[in-house]
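Text of upload10.json (JSON, C-alpha atoms) as supplied:
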[["chain", "number", "residue", "atom", "x", "y", "z"],
["A", 1, "MET", "CA", 5.44, 40.46, 175.48],
["A", 2, "LEU", "CA", 7.92, 42.41, 173.33],
["A", 3, "TYR", "CA", 10.65, 41.90, 175.93],
["A", 4, "LEU", "CA", 9.90, 38.16, 176.02],
["A", 5, "VAL", "CA", 10.18, 37.87, 172.23],
["A", 6, "ALA", "CA", 13.45, 39.80, 172.29],
["A", 7, "PHE", "CA", 14.79, 37.58, 175.06],
["A", 8, "ILE", "CA", 13.88, 34.41, 173.13],
["A", 9, "VAL", "CA", 15.55, 35.76, 169.97],
["A", 10, "LEU", "CA", 18.71, 36.66, 171.88],
["A", 11, "LEU", "CA", 18.73, 33.26, 173.53],
["A", 12, "ALA", "CA", 18.38, 31.54, 170.16],
["A", 13, "LEU", "CA", 21.21, 33.63, 168.68],
["A", 14, "ALA", "CA", 23.42, 32.87, 171.65],
["A", 15, "ALA", "CA", 22.71, 29.15, 171.32],
["A", 16, "ALA", "CA", 23.47, 29.24, 167.57],
["A", 17, "ALA", "CA", 26.72, 31.13, 168.22],
["A", 18, "ALA", "CA", 27.73, 28.58, 170.82],
["A", 19, "LEU", "CA", 27.05, 25.73, 168.39],
["A", 20, "VAL", "CA", 29.11, 27.43, 165.66],
["A", 21, "LEU", "CA", 32.02, 27.95, 168.05],
["A", 22, "PHE", "CA", 31.81, 24.34, 169.23],
["A", 23, "THR", "CA", 31.74, 23.08, 165.64],
["A", 24, "ALA", "CA", 34.68, 25.25, 164.57],
["A", 25, "HIS", "CA", 36.70, 24.17, 167.60],
["A", 26, "THR", "CA", 35.93, 20.50, 166.92],
["A", 27, "ALA", "CA", 36.87, 20.83, 163.24],
["A", 28, "ARG", "CA", 40.22, 22.42, 164.13],
["A", 29, "ARG", "CA", 40.99, 19.64, 166.59],
["A", 30, "VAL", "CA", 40.13, 17.00, 163.99],
["A", 31, "ASP", "CA", 42.32, 18.65, 161.34],
["A", 32, "THR", "CA", 45.20, 18.76, 163.82],
["A", 33, "ALA", "CA", 44.76, 15.14, 164.85],
["A", 34, "LEU", "CA", 44.33, 13.82, 161.30],
["A", 35, "PRO", "CA", 46.61, 15.67, 158.87],
["A", 36, "PRO", "CA", 46.71, 14.68, 155.16],
["A", 37, "LEU", "CA", 48.34, 11.32, 154.51],
["A", 38, "GLY", "CA", 49.30, 11.84, 150.89],
["A", 39, "ARG", "CA", 49.88, 14.39, 148.16],
["A", 40, "PHE", "CA", 47.73, 16.61, 145.97],
["A", 41, "VAL", "CA", 47.20, 16.90, 142.23],
["A", 42, "GLU", "CA", 45.14, 19.45, 140.32],
["A", 43, "VAL", "CA", 42.28, 17.75, 138.47],
["A", 44, "GLY", "CA", 39.53, 19.74, 136.77],
["A", 45, "GLY", "CA", 40.19, 22.78, 138.96],
["A", 46, "GLU", "CA", 40.10, 20.78, 142.19],
["A", 47, "ARG", "CA", 42.91, 19.63, 144.50],
["A", 48, "ILE", "CA", 42.58, 15.86, 144.73],
["A", 49, "HIS", "CA", 44.23, 14.20, 147.70],
["A", 50, "TYR", "CA", 45.82, 10.85, 146.91],
["A", 51, "LEU", "CA", 48.25, 8.32, 148.33],
["A", 52, "GLU", "CA", 50.48, 6.04, 146.28],
["A", 53, "LYS", "CA", 52.38, 3.01, 147.53],
["A", 54, "GLY", "CA", 54.08, -0.03, 146.01],
["A", 55, "THR", "CA", 54.96, -1.10, 142.49],
["A", 56, "GLY", "CA", 53.39, -3.43, 139.96],
["A", 57, "PRO", "CA", 50.00, -3.54, 138.22],
["A", 58, "THR", "CA", 47.92, -0.54, 139.27],
["A", 59, "LEU", "CA", 44.98, -0.59, 141.65],
["A", 60, "LEU", "CA", 42.93, 2.61, 142.07],
["A", 61, "LEU", "CA", 40.92, 2.58, 145.30],
["A", 62, "ILE", "CA", 37.79, 4.76, 145.66],
["A", 63, "HIS", "CA", 36.02, 5.18, 149.00],
["A", 64, "GLY", "CA", 32.33, 5.48, 149.85],
["A", 65, "LEU", "CA", 29.84, 8.06, 151.11],
["A", 66, "GLY", "CA", 31.12, 10.29, 153.91],
["A", 67, "ALA", "CA", 34.43, 8.41, 154.05],
["A", 68, "SER", "CA", 38.05, 9.05, 153.13],
["A", 69, "MET", "CA", 41.14, 7.20, 151.97],
["A", 70, "ARG", "CA", 41.58, 6.00, 155.57],
["A", 71, "THR", "CA", 38.93, 3.36, 154.83],
["A", 72, "PHE", "CA", 41.69, 1.66, 152.85],
["A", 73, "THR", "CA", 44.88, 2.85, 154.55],
["A", 74, "HIS", "CA", 43.69, 1.47, 157.91],
["A", 75, "SER", "CA", 44.37, -2.16, 157.02],
["A", 76, "LEU", "CA", 44.15, -2.86, 153.30],
["A", 77, "VAL", "CA", 46.86, -0.87, 151.50],
["A", 78, "GLU", "CA", 49.72, -2.53, 153.33],
["A", 79, "ARG", "CA", 48.34, -5.95, 152.39],
["A", 80, "LEU", "CA", 48.44, -5.07, 148.68],
["A", 81, "ALA", "CA", 51.42, -2.74, 148.22],
["A", 82, "GLY", "CA", 53.92, -5.59, 148.09],
["A", 83, "ASP", "CA", 52.56, -6.74, 144.73],
["A", 84, "PHE", "CA", 50.71, -3.76, 143.27],
["A", 85, "ARG", "CA", 51.02, -0.06, 142.67],
["A", 86, "VAL", "CA", 48.23, 1.00, 145.02],
["A", 87, "VAL", "CA", 46.77, 4.46, 144.45],
["A", 88, "VAL", "CA", 44.05, 5.72, 146.80],
["A", 89, "MET", "CA", 42.17, 8.89, 145.86],
["A", 90, "GLU", "CA", 39.67, 10.91, 147.84],
["A", 91, "ARG", "CA", 36.61, 11.86, 145.84],
["A", 92, "PRO", "CA", 35.94, 15.61, 145.35],
["A", 93, "GLY", "CA", 34.97, 17.24, 148.64],
["A", 94, "SER", "CA", 35.84, 14.16, 150.69],
["A", 95, "GLY", "CA", 38.75, 13.85, 153.09],
["A", 96, "GLU", "CA", 41.24, 16.53, 152.05],
["A", 97, "SER", "CA", 40.09, 16.84, 148.42],
["A", 98, "THR", "CA", 38.31, 20.03, 147.44],
["A", 99, "ARG", "CA", 35.00, 20.59, 145.69],
["A", 100, "ALA", "CA", 33.93, 24.01, 144.48],
["A", 101, "PRO", "CA", 30.53, 25.19, 145.81],
["A", 102, "SER", "CA", 29.21, 25.28, 142.24],
["A", 103, "ALA", "CA", 30.55, 21.82, 141.31],
["A", 104, "CYS", "CA", 28.17, 19.02, 140.36],
["A", 105, "ALA", "CA", 28.06, 16.09, 142.79],
["A", 106, "ARG", "CA", 26.32, 13.64, 140.46],
["A", 107, "VAL", "CA", 27.90, 10.24, 139.91],
["A", 108, "ARG", "CA", 28.61, 10.95, 136.25],
["A", 109, "SER", "CA", 30.53, 14.12, 137.20],
["A", 110, "GLN", "CA", 32.55, 12.28, 139.84],
["A", 111, "ALA", "CA", 33.27, 9.58, 137.28],
["A", 112, "GLU", "CA", 34.69, 12.23, 134.96],
["A", 113, "THR", "CA", 36.93, 13.46, 137.77],
["A", 114, "VAL", "CA", 38.22, 9.92, 138.28],
["A", 115, "SER", "CA", 38.83, 9.63, 134.54],
["A", 116, "GLU", "CA", 40.79, 12.90, 134.55],
["A", 117, "PHE", "CA", 42.71, 11.73, 137.62],
["A", 118, "ILE", "CA", 43.71, 8.52, 135.79],
["A", 119, "ARG", "CA", 45.06, 10.63, 132.91],
["A", 120, "ALA", "CA", 46.77, 13.18, 135.16],
["A", 121, "MET", "CA", 48.53, 10.44, 137.15],
["A", 122, "GLY", "CA", 49.49, 8.42, 134.10],
["A", 123, "LEU", "CA", 47.70, 5.32, 135.39],
["A", 124, "GLU", "CA", 47.58, 2.74, 132.63],
["A", 125, "ARG", "CA", 44.24, 0.95, 132.80],
["A", 126, "PRO", "CA", 44.06, 0.33, 136.55],
["A", 127, "LEU", "CA", 41.81, -2.13, 138.30],
["A", 128, "LEU", "CA", 39.22, 0.06, 140.01],
["A", 129, "VAL", "CA", 38.48, -0.97, 143.59],
["A", 130, "GLY", "CA", 35.33, 0.75, 144.84],
["A", 131, "HIS", "CA", 33.73, 0.50, 148.27],
["A", 132, "SER", "CA", 30.03, 1.38, 148.75],
["A", 133, "MET", "CA", 29.36, 4.57, 146.73],
["A", 134, "GLY", "CA", 32.91, 4.26, 145.44],
["A", 135, "GLY", "CA", 31.58, 1.18, 143.66],
["A", 136, "THR", "CA", 28.88, 3.30, 141.99],
["A", 137, "VAL", "CA", 31.50, 5.74, 140.74],
["A", 138, "SER", "CA", 33.73, 2.88, 139.56],
["A", 139, "LEU", "CA", 30.88, 1.39, 137.54],
["A", 140, "ALA", "CA", 30.17, 4.80, 135.99],
["A", 141, "VAL", "CA", 33.83, 5.20, 134.98],
["A", 142, "ALA", "CA", 33.91, 1.74, 133.40],
["A", 143, "LEU", "CA", 30.75, 2.46, 131.39],
["A", 144, "ALA", "CA", 31.84, 5.94, 130.25],
["A", 145, "HIS", "CA", 35.54, 5.14, 129.69],
["A", 146, "PRO", "CA", 36.02, 1.38, 129.26],
["A", 147, "GLU", "CA", 39.37, 1.99, 127.54],
["A", 148, "GLN", "CA", 40.74, 3.35, 130.85],
["A", 149, "VAL", "CA", 39.75, 0.46, 133.09],
["A", 150, "ARG", "CA", 41.21, -3.04, 133.39],
["A", 151, "GLY", "CA", 38.50, -4.44, 135.65],
["A", 152, "LEU", "CA", 36.29, -3.76, 138.68],
["A", 153, "ALA", "CA", 36.62, -5.10, 142.22],
["A", 154, "LEU", "CA", 33.52, -3.85, 144.05],
["A", 155, "ILE", "CA", 33.27, -4.08, 147.84],
["A", 156, "ALA", "CA", 29.71, -3.79, 149.23],
["A", 157, "PRO", "CA", 28.87, -1.51, 146.30],
["A", 158, "LEU", "CA", 25.82, 0.70, 145.88],
["A", 159, "THR", "CA", 24.64, -0.61, 142.50],
["A", 160, "ASN", "CA", 20.86, -0.43, 142.37],
["A", 161, "ALA", "CA", 18.10, 2.11, 142.89],
["A", 162, "GLN", "CA", 16.23, 1.79, 146.18],
["A", 163, "GLY", "CA", 13.26, 3.64, 147.63],
["A", 164, "THR", "CA", 14.70, 4.63, 150.99],
["A", 165, "VAL", "CA", 18.04, 5.17, 152.69],
["A", 166, "PRO", "CA", 19.10, 3.67, 156.03],
["A", 167, "PRO", "CA", 17.74, 5.82, 158.90],
["A", 168, "ILE", "CA", 21.25, 6.92, 159.93],
["A", 169, "PHE", "CA", 21.47, 8.86, 156.65],
["A", 170, "ASN", "CA", 18.12, 10.64, 156.90],
["A", 171, "ASN", "CA", 19.70, 13.77, 158.35],
["A", 172, "LEU", "CA", 21.81, 14.12, 155.20],
["A", 173, "ILE", "CA", 18.80, 14.56, 152.91],
["A", 174, "ILE", "CA", 18.91, 18.36, 152.64],
["A", 175, "THR", "CA", 18.33, 19.79, 149.18],
["A", 176, "SER", "CA", 18.84, 23.47, 150.05],
["A", 177, "ARG", "CA", 22.50, 24.52, 150.00],
["A", 178, "PRO", "CA", 22.06, 27.38, 152.55],
["A", 179, "LEU", "CA", 20.12, 25.10, 154.90],
["A", 180, "ARG", "CA", 22.74, 22.38, 154.49],
["A", 181, "ARG", "CA", 25.50, 24.79, 155.53],
["A", 182, "LEU", "CA", 23.44, 26.07, 158.43],
["A", 183, "VAL", "CA", 22.89, 22.54, 159.73],
["A", 184, "ALA", "CA", 26.54, 21.64, 159.14],
["A", 185, "TRP", "CA", 27.78, 24.56, 161.23],
["A", 186, "THR", "CA", 25.27, 24.25, 164.08],
["A", 187, "VAL", "CA", 23.62, 20.95, 164.99],
["A", 188, "ALA", "CA", 25.31, 18.36, 162.74],
["A", 189, "THR", "CA", 28.50, 17.93, 164.78],
["A", 190, "PRO", "CA", 26.94, 17.61, 168.25],
["A", 191, "ALA", "CA", 24.23, 15.37, 166.77],
["A", 192, "SER", "CA", 26.90, 13.12, 165.25],
["A", 193, "ILE", "CA", 28.61, 12.82, 168.62],
["A", 194, "LEU", "CA", 25.33, 11.96, 170.37],
["A", 195, "ARG", "CA", 24.35, 9.40, 167.67],
["A", 196, "ARG", "CA", 27.79, 7.82, 167.42],
["A", 197, "ALA", "CA", 26.85, 4.42, 168.84],
["A", 198, "GLN", "CA", 23.79, 4.04, 166.61],
["A", 199, "VAL", "CA", 25.66, 5.10, 163.47],
["A", 200, "LEU", "CA", 28.63, 2.82, 164.08],
["A", 201, "ASP", "CA", 26.36, -0.13, 164.87],
["A", 202, "THR", "CA", 24.72, 0.27, 161.47],
["A", 203, "LEU", "CA", 27.93, 0.91, 159.55],
["A", 204, "PHE", "CA", 29.93, -1.95, 161.06],
["A", 205, "GLY", "CA", 27.41, -4.40, 162.49],
["A", 206, "PRO", "CA", 27.40, -7.30, 162.99],
["A", 207, "ASP", "CA", 31.19, -6.81, 163.05],
["A", 208, "PRO", "CA", 32.86, -4.98, 165.94],
["A", 209, "VAL", "CA", 34.15, -1.45, 165.37],
["A", 210, "PRO", "CA", 37.97, -1.31, 165.24],
["A", 211, "ALA", "CA", 39.30, 0.37, 168.38],
["A", 212, "ASP", "CA", 41.25, 2.91, 166.33],
["A", 213, "TYR", "CA", 38.53, 3.67, 163.78],
["A", 214, "ALA", "CA", 38.17, 7.28, 164.97],
["A", 215, "THR", "CA", 41.78, 8.06, 164.10],
["A", 216, "ALA", "CA", 43.37, 5.45, 161.81],
["A", 217, "GLY", "CA", 40.03, 4.75, 160.12],
["A", 218, "GLY", "CA", 39.16, 8.42, 159.71],
["A", 219, "GLY", "CA", 35.95, 8.34, 161.73],
["A", 220, "LEU", "CA", 36.65, 11.74, 163.31],
["A", 221, "LEU", "CA", 36.70, 13.40, 159.88],
["A", 222, "GLY", "CA", 32.91, 13.06, 159.78],
["A", 223, "LEU", "CA", 32.64, 15.67, 162.53],
["A", 224, "ARG", "CA", 33.78, 18.47, 160.22],
["A", 225, "PRO", "CA", 31.16, 20.70, 158.52],
["A", 226, "LYS", "CA", 32.87, 20.06, 155.18],
["A", 227, "SER", "CA", 32.36, 16.33, 155.53],
["A", 228, "PHE", "CA", 28.67, 16.73, 156.39],
["A", 229, "CYS", "CA", 28.07, 19.02, 153.39],
["A", 230, "THR", "CA", 29.85, 16.69, 150.97],
["A", 231, "ALA", "CA", 28.03, 13.59, 152.20],
["A", 232, "SER", "CA", 24.69, 15.44, 151.96],
["A", 233, "GLU", "CA", 25.47, 16.67, 148.45],
["A", 234, "ASP", "CA", 26.54, 13.19, 147.33],
["A", 235, "LEU", "CA", 23.43, 11.54, 148.76],
["A", 236, "VAL", "CA", 20.98, 14.07, 147.33],
["A", 237, "ALA", "CA", 22.72, 13.93, 143.94],
["A", 238, "LEU", "CA", 22.17, 10.16, 143.73],
["A", 239, "GLU", "CA", 18.49, 10.68, 142.90],
["A", 240, "GLY", "CA", 17.84, 9.37, 139.40],
["A", 241, "GLU", "CA", 21.47, 8.29, 138.88],
["A", 242, "LEU", "CA", 21.23, 4.54, 139.51],
["A", 243, "ALA", "CA", 18.48, 3.48, 137.10],
["A", 244, "PRO", "CA", 20.36, 4.55, 133.92],
["A", 245, "LEU", "CA", 23.48, 2.76, 135.16],
["A", 246, "VAL", "CA", 21.57, -0.46, 135.87],
["A", 247, "GLU", "CA", 20.24, -0.47, 132.30],
["A", 248, "ARG", "CA", 23.80, -0.37, 130.98],
["A", 249, "TYR", "CA", 25.36, -3.07, 133.19],
["A", 250, "PRO", "CA", 25.01, -5.71, 130.42],
["A", 251, "GLU", "CA", 27.34, -3.55, 128.30],
["A", 252, "LEU", "CA", 30.29, -4.19, 130.61],
["A", 253, "GLN", "CA", 32.88, -6.34, 128.86],
["A", 254, "LEU", "CA", 35.60, -6.48, 131.49],
["A", 255, "PRO", "CA", 36.24, -8.61, 134.57],
["A", 256, "VAL", "CA", 33.96, -7.67, 137.46],
["A", 257, "GLY", "CA", 34.05, -9.04, 140.98],
["A", 258, "ILE", "CA", 31.62, -8.19, 143.78],
["A", 259, "ILE", "CA", 32.05, -9.05, 147.44],
["A", 260, "TYR", "CA", 29.28, -8.55, 149.99],
["A", 261, "GLY", "CA", 28.80, -9.19, 153.67],
["A", 262, "MET", "CA", 25.55, -11.06, 154.21],
["A", 263, "GLY", "CA", 24.98, -9.14, 157.43],
["A", 264, "ASP", "CA", 25.35, -5.72, 155.77],
["A", 265, "ARG", "CA", 23.06, -3.22, 157.56],
["A", 266, "VAL", "CA", 23.62, -0.36, 155.12],
["A", 267, "LEU", "CA", 22.95, -1.98, 151.73],
["A", 268, "GLU", "CA", 20.97, -5.15, 151.06],
["A", 269, "HIS", "CA", 23.33, -7.75, 149.58],
["A", 270, "ARG", "CA", 20.64, -9.44, 147.50],
["A", 271, "LEU", "CA", 19.58, -6.20, 145.76],
["A", 272, "HIS", "CA", 23.03, -4.68, 145.31],
["A", 273, "GLY", "CA", 25.05, -7.86, 144.97],
["A", 274, "VAL", "CA", 23.15, -10.94, 143.82],
["A", 275, "GLU", "CA", 20.71, -9.15, 141.50],
["A", 276, "VAL", "CA", 23.33, -6.92, 139.91],
["A", 277, "ALA", "CA", 25.86, -9.72, 139.43],
["A", 278, "SER", "CA", 23.23, -11.52, 137.35],
["A", 279, "LYS", "CA", 23.07, -8.53, 134.99],
["A", 280, "ILE", "CA", 26.82, -8.36, 134.32],
["A", 281, "ASN", "CA", 28.25, -10.92, 131.94],
["A", 282, "GLY", "CA", 30.79, -13.12, 133.72],
["A", 283, "ALA", "CA", 30.63, -11.25, 137.03],
["A", 284, "ASP", "CA", 31.95, -13.12, 140.05],
["A", 285, "LEU", "CA", 30.01, -12.73, 143.30],
["A", 286, "GLU", "CA", 31.48, -13.60, 146.68],
["A", 287, "LEU", "CA", 29.21, -13.59, 149.73],
["A", 288, "VAL", "CA", 30.94, -13.60, 153.11],
["A", 289, "GLU", "CA", 30.09, -13.22, 156.76],
["A", 290, "GLY", "CA", 30.18, -9.63, 157.97],
["A", 291, "GLY", "CA", 28.81, -6.14, 157.53],
["A", 292, "HIS", "CA", 29.36, -3.11, 155.35],
["A", 293, "MET", "CA", 32.86, -2.00, 156.35],
["A", 294, "LEU", "CA", 34.73, -5.05, 155.09],
["A", 295, "PRO", "CA", 37.97, -3.18, 154.20],
["A", 296, "LEU", "CA", 38.43, -2.48, 157.91],
["A", 297, "THR", "CA", 36.84, -5.54, 159.50],
["A", 298, "ALA", "CA", 37.94, -8.27, 157.07],
["A", 299, "PRO", "CA", 41.06, -6.92, 155.30],
["A", 300, "ASP", "CA", 42.56, -10.35, 154.63],
["A", 301, "VAL", "CA", 39.36, -11.55, 152.97],
["A", 302, "VAL", "CA", 39.08, -8.34, 150.93],
["A", 303, "ALA", "CA", 42.75, -8.42, 149.93],
["A", 304, "ALA", "CA", 42.36, -12.02, 148.69],
["A", 305, "PHE", "CA", 39.23, -10.98, 146.75],
["A", 306, "ILE", "CA", 41.07, -8.07, 145.09],
["A", 307, "ARG", "CA", 43.99, -10.32, 144.19],
["A", 308, "LYS", "CA", 41.61, -12.77, 142.55],
["A", 309, "VAL", "CA", 39.93, -10.08, 140.44],
["A", 310, "ALA", "CA", 43.32, -8.54, 139.64],
["A", 311, "ALA", "CA", 44.72, -11.87, 138.45],
["A", 312, "LYS", "CA", 41.84, -12.24, 136.02],
["A", 313, "SER", "CA", 41.90, -8.62, 134.91],
["A", 314, "PHE", "CA", 45.61, -8.29, 134.25],
["A", 315, "ALA", "CA", 45.82, -11.75, 132.66],
["A", 316, "GLU", "CA", 43.21, -10.67, 130.13],
["A", 317, "GLY", "CA", 45.16, -7.46, 129.59],
["A", 318, "ARG", "CA", 48.33, -9.40, 128.78],
["A", 319, "ALA", "CA", 46.36, -11.61, 126.39],
["A", 320, "GLU", "CA", 45.02, -8.53, 124.60],
["A", 321, "GLN", "CA", 48.56, -7.14, 124.23],
["A", 322, "SER", "CA", 49.78, -10.46, 122.81],
["A", 323, "VAL", "CA", 47.00, -10.49, 120.22],
["A", 324, "ALA", "CA", 47.71, -6.87, 119.33],
["A", 325, "ARG", "CA", 51.44, -7.59, 118.81],
["A", 326, "ALA", "CA", 50.68, -10.68, 116.72],
["A", 327, "SER", "CA", 48.37, -8.74, 114.42]]

Starting from the coordinates I provided, produce the structure as structure tokens.
Amino acid sequence: MLYLVAFIVLLALAAAAALVLFTAHTARRVDTALPPLGRFVEVGGERIHYLEKGTGPTLLLIHGLGASMRTFTHSLVERLAGDFRVVVMERPGSGESTRAPSACARVRSQAETVSEFIRAMGLERPLLVGHSMGGTVSLAVALAHPEQVRGLALIAPLTNAQGTVPPIFNNLIITSRPLRRLVAWTVATPASILRRAQVLDTLFGPDPVPADYATAGGGLLGLRPKSFCTASEDLVALEGELAPLVERYPELQLPVGIIYGMGDRVLEHRLHGVEVASKINGADLELVEGGHMLPLTAPDVVAAFIRKVAAKSFAEGRAEQSVARAS
């Protein structure tokens, strides 16, 4: 019996070692295939990865859970850079940005990082463009620092508290940091590969997945242990964060636009779009055909939406400056 137990233990250790080696090898290949696209700036002790393109009124683009700036660079940035200064930042821990192990992942903390990034980059009251959880962070910035924000263009944003998460995210709900790292370095990567079709169907459906999503869209980055840990931290840290934000939505006194795909399989457009738009004074809601990943699947529609919100936001900004000069 003792020999059997020892054999089972050795077998388990060998399997774990093989998984770690596979994960490390996969992460190295991903890093080689997808090098950083932009530059880095020190913000609050972290290295924030960002990309800047174009001139004109400033747009600051913030990506969603488990994503990177490639959500926007795939198809959207080029459509906007001819008329705007487009700045895309990767949230702490996401993409190539760093996040210290002891750093707080709560929305309010990430909002403070965005606020510090705006100051560090000398961005003068940008229009915040947030996709999915990036919309949550954008709302938090606008509520905490309204003087820094010109307006909000929210794409399929996470805006409301909900009881459950889509099944594809269940594996991310790990509250223990050691367990999260253990999962990230053993089973998370092979499981992601095996579940790829199911995950992409939920993320993109009913729209087709772009053929180059793995590379140009950054899909491969999700295979790295770092990406798994950050997404898990972000998701767990959302608990209790939405309700206080919802209570404050009526305080928003700036242009807000929300666009949602009515076929979204990640977030329910009525809860996170229709209901929330009714709580924000003057908010514009645009419902379109499509799923959750509109920046990649409907870039022309999203670009037109951003331009519409930007026109309203920067027009009001010029009016404010005129009044200030007159007084």

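Taking CA of Ala14 (chain A) and CA of Arg28 (chain A) as endpoints, the distance between them is 21.2 Å.
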
query: For Asp300 (chain A), which residue out of A:Arg39, A:Leu60, A:Phe22, A:Arg79 is the nearest one, using all atoms listed in the file?
result: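 Among the listed residues, A:Arg79 lies closest to Asp300 (chain A).
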
message: Which residues are near His25 (chain A)? Cut-off 12 Å, all atoms listed in the file, ignore same chain within fewer than 5 positions. Put them as a ChimeraX atom specification.
response: /A:18-20,30-32,185-186,189-190,223-225

Could you turn the residues from that selection into a file that holds C-alpha atoms, as a PDB file, in the coordinates of the input?
ATOM      1  CA  ALA A  18      27.730  28.580 170.820  1.00  0.00           C
ATOM      2  CA  LEU A  19      27.050  25.730 168.390  1.00  0.00           C
ATOM      3  CA  VAL A  20      29.110  27.430 165.660  1.00  0.00           C
ATOM      4  CA  VAL A  30      40.130  17.000 163.990  1.00  0.00           C
ATOM      5  CA  ASP A  31      42.320  18.650 161.340  1.00  0.00           C
ATOM      6  CA  THR A  32      45.200  18.760 163.820  1.00  0.00           C
ATOM      7  CA  TRP A 185      27.780  24.560 161.230  1.00  0.00           C
ATOM      8  CA  THR A 186      25.270  24.250 164.080  1.00  0.00           C
ATOM      9  CA  THR A 189      28.500  17.930 164.780  1.00  0.00           C
ATOM     10  CA  PRO A 190      26.940  17.610 168.250  1.00  0.00           C
ATOM     11  CA  LEU A 223      32.640  15.670 162.530  1.00  0.00           C
ATOM     12  CA  ARG A 224      33.780  18.470 160.220  1.00  0.00           C
ATOM     13  CA  PRO A 225      31.160  20.700 158.520  1.00  0.00           C
TER      14      PRO A 225
END

Counting only C-alpha atoms, which residues of region 141-172 of chain A sit at most 9 Å from some atom of region 268-288 of chain A, and what is each one's closest atom pair with its distance in Å to one decimal, listed by chain and rising residue number, as a Markdown table?
| residue | atom | partner | partner_atom | distance |
| --- | --- | --- | --- | --- |
| A:Ala156 | CA | A:Gly273 | CA | 7.5 |
| A:Pro157 | CA | A:His272 | CA | 6.7 |
| A:Leu158 | CA | A:His272 | CA | 6.1 |
| A:Thr159 | CA | A:His272 | CA | 5.2 |
| A:Asn160 | CA | A:His272 | CA | 5.6 |
| A:Ala161 | CA | A:His272 | CA | 8.7 |
| A:Gln162 | CA | A:Leu271 | CA | 8.7 |

task: Identify which of the residues A:His145, A:Arg29, A:His74, A:Arg85 lies closest to Glu116 (chain A), counting all atoms listed in the file when measuring atom-to-atom distances.
output: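 Result for the nearest residue to Glu116 (chain A): A:His145.
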